[in-house]
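K.L.:
I'd like to ask you about the structure that follows.
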Amino acid sequence: MVPDGAAAAPGAPEREEPAWPWKDAPIWTLVQRVHQLQAERAQAFRRLDEAHRRYVRSGPHHDFASYRSAVHEVTQAFAAASREVLALEAELAGPRAQPRLAGHVRSLQQLEQTRLTTVALLQLAGSPELSGQEDAGQTQRLKMKVIKTMEAISEVLQDLKFEADSAE
């Protein structure tokens, strides 16, 4: 095995990529994995929300370091989930020739990006540094956008499940 960044010795076999666990899995298994990744994302959003609540309550000398650490961990979780969702989408679009399923997964990915961006804006608006400057109307609009986005995510997940049932 060659360490990352090191050159293989002349005549040594190339390092093989680990096998992707979903390569030969049935379509339904791929769709179930998308649902599992969505559950992981939901858990990450709960951790992000709780970290923000702790940060806001930690005053008057707010514990930004803990909040930043939690945001970093959640960001890593989101990135890992996104990479796998994109790989699942590619598998459905390419080798599995399931463009409708791939389209649902792509929509899901876009909605999750919207949700994450909106939640970040909402947390920024509620940060202690901006205390007293928040626009109640803007905050309410952001909250409604999160709710509408979550509803759209639920609909896409239902459509994905329905399409997967009819694809197999």
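Just so we're on the same page: first chain in the structure tokens is A, next is B, and so on; residues restart at 1 for each chain, and ligands are numbered from 1 in the order they show up.
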Extract, using only C-alpha atoms, all DNA, RNA and protein residues at most 8 Å from segment 94-103 of chain A, discarding same-chain residues fewer than 2 positions from it, and format them as a PyMOL selection string.

P.N.:
chain A and resi 27+88-92+105-107+160+163-164

K.L.:
As an MDAnalysis selection string, which residues of segment 9-155 of chain A does DSSP assign to helix (DSSP H, G or I)?

P.N.:
chainID A and resid 27:57 64:93 99:125 128:130 136:155

K.L.:
Could you dump the residues just selected with C-alpha atoms as a CSV table (one decimal), in the first residue's frame?

P.N.:
chain,number,residue,atom,x,y,z
A,27,ILE,CA,-32.4,0.2,-6.9
A,28,TRP,CA,-34.5,-0.1,-3.8
A,29,THR,CA,-31.4,-0.4,-1.6
A,30,LEU,CA,-30.0,2.8,-3.2
A,31,VAL,CA,-33.2,4.6,-2.4
A,32,GLN,CA,-33.2,3.3,1.2
A,33,ARG,CA,-29.6,4.7,1.5
A,34,VAL,CA,-30.8,8.1,0.3
A,35,HIS,CA,-33.4,8.0,3.0
A,36,GLN,CA,-30.8,7.0,5.6
A,37,LEU,CA,-28.6,9.9,4.5
A,38,GLN,CA,-31.6,12.2,4.9
A,39,ALA,CA,-32.1,10.9,8.5
A,40,GLU,CA,-28.4,11.7,9.1
A,41,ARG,CA,-28.9,15.2,7.7
A,42,ALA,CA,-31.9,15.7,10.0
A,43,GLN,CA,-29.8,14.6,12.9
A,44,ALA,CA,-27.0,17.1,11.9
A,45,PHE,CA,-29.6,19.9,11.7
A,46,ARG,CA,-30.7,19.1,15.2
A,47,ARG,CA,-27.1,19.2,16.4
A,48,LEU,CA,-26.6,22.5,14.6
A,49,ASP,CA,-29.8,24.0,16.2
A,50,GLU,CA,-28.8,22.8,19.7
A,51,ALA,CA,-25.3,24.2,19.3
A,52,HIS,CA,-26.8,27.6,18.3
A,53,ARG,CA,-29.2,27.5,21.3
A,54,ARG,CA,-26.3,26.8,23.6
A,55,TYR,CA,-24.2,29.6,22.1
A,56,VAL,CA,-27.0,32.1,22.5
A,57,ARG,CA,-27.7,31.0,26.1
A,64,PHE,CA,-18.1,31.0,20.3
A,65,ALA,CA,-15.3,28.4,20.2
A,66,SER,CA,-17.8,25.6,21.1
A,67,TYR,CA,-20.3,26.8,18.6
A,68,ARG,CA,-17.6,27.1,15.9
A,69,SER,CA,-16.5,23.5,16.7
A,70,ALA,CA,-20.0,22.2,16.5
A,71,VAL,CA,-20.6,24.0,13.2
A,72,HIS,CA,-17.3,22.4,11.8
A,73,GLU,CA,-18.5,18.9,12.9
A,74,VAL,CA,-21.9,19.4,11.3
A,75,THR,CA,-20.3,20.8,8.1
A,76,GLN,CA,-18.2,17.7,7.9
A,77,ALA,CA,-21.3,15.5,8.3
A,78,PHE,CA,-23.2,17.5,5.6
A,79,ALA,CA,-20.3,17.2,3.2
A,80,ALA,CA,-20.0,13.5,3.7
A,81,ALA,CA,-23.7,13.0,3.1
A,82,SER,CA,-23.7,15.2,0.1
A,83,ARG,CA,-20.8,13.3,-1.5
A,84,GLU,CA,-22.6,10.0,-1.1
A,85,VAL,CA,-25.9,11.5,-2.3
A,86,LEU,CA,-24.2,12.8,-5.4
A,87,ALA,CA,-22.6,9.4,-6.0
A,88,LEU,CA,-26.0,7.7,-5.6
A,89,GLU,CA,-27.5,10.2,-8.1
A,90,ALA,CA,-24.7,9.4,-10.6
A,91,GLU,CA,-25.3,5.7,-10.1
A,92,LEU,CA,-29.0,6.1,-10.8
A,93,ALA,CA,-28.5,8.5,-13.7
A,99,PRO,CA,-33.3,9.4,-14.8
A,100,ARG,CA,-36.5,10.1,-12.9
A,101,LEU,CA,-35.0,8.7,-9.7
A,102,ALA,CA,-31.8,10.6,-10.3
A,103,GLY,CA,-33.8,13.8,-10.8
A,104,HIS,CA,-35.5,13.3,-7.5
A,105,VAL,CA,-32.1,12.8,-5.8
A,106,ARG,CA,-30.8,16.0,-7.5
A,107,SER,CA,-33.8,17.9,-6.3
A,108,LEU,CA,-33.3,16.6,-2.8
A,109,GLN,CA,-29.7,17.8,-2.9
A,110,GLN,CA,-30.7,21.3,-4.1
A,111,LEU,CA,-33.4,21.6,-1.5
A,112,GLU,CA,-31.0,20.6,1.3
A,113,GLN,CA,-28.6,23.3,0.1
A,114,THR,CA,-31.4,25.8,0.3
A,115,ARG,CA,-32.3,24.6,3.7
A,116,LEU,CA,-28.8,24.8,5.0
A,117,THR,CA,-28.3,28.3,3.6
A,118,THR,CA,-31.6,29.5,5.1
A,119,VAL,CA,-30.8,27.9,8.5
A,120,ALA,CA,-27.4,29.6,8.5
A,121,LEU,CA,-29.0,33.0,7.7
A,122,LEU,CA,-31.6,32.4,10.4
A,123,GLN,CA,-28.9,31.6,13.0
A,124,LEU,CA,-26.9,34.6,11.9
A,125,ALA,CA,-30.0,36.8,12.4
A,128,PRO,CA,-26.0,37.6,20.1
A,129,GLU,CA,-23.8,40.0,18.2
A,130,LEU,CA,-26.8,41.3,16.3
A,136,ALA,CA,-38.8,40.3,12.9
A,137,GLY,CA,-40.4,40.2,9.4
A,138,GLN,CA,-37.2,38.9,7.9
A,139,THR,CA,-36.8,36.3,10.6
A,140,GLN,CA,-40.4,35.1,10.1
A,141,ARG,CA,-39.8,34.9,6.3
A,142,LEU,CA,-36.7,32.8,6.9
A,143,LYS,CA,-38.5,30.5,9.3
A,144,MET,CA,-41.3,30.0,6.7
A,145,LYS,CA,-38.7,29.3,4.0
A,146,VAL,CA,-37.2,26.6,6.2
A,147,ILE,CA,-40.7,25.1,6.8
A,148,LYS,CA,-41.6,25.2,3.1
A,149,THR,CA,-38.2,23.7,2.2
A,150,MET,CA,-38.7,20.9,4.7
A,151,GLU,CA,-42.2,20.2,3.2
A,152,ALA,CA,-40.7,20.1,-0.3
A,153,ILE,CA,-38.0,17.7,0.9
A,154,SER,CA,-40.7,15.4,2.4
A,155,GLU,CA,-42.6,15.5,-0.9
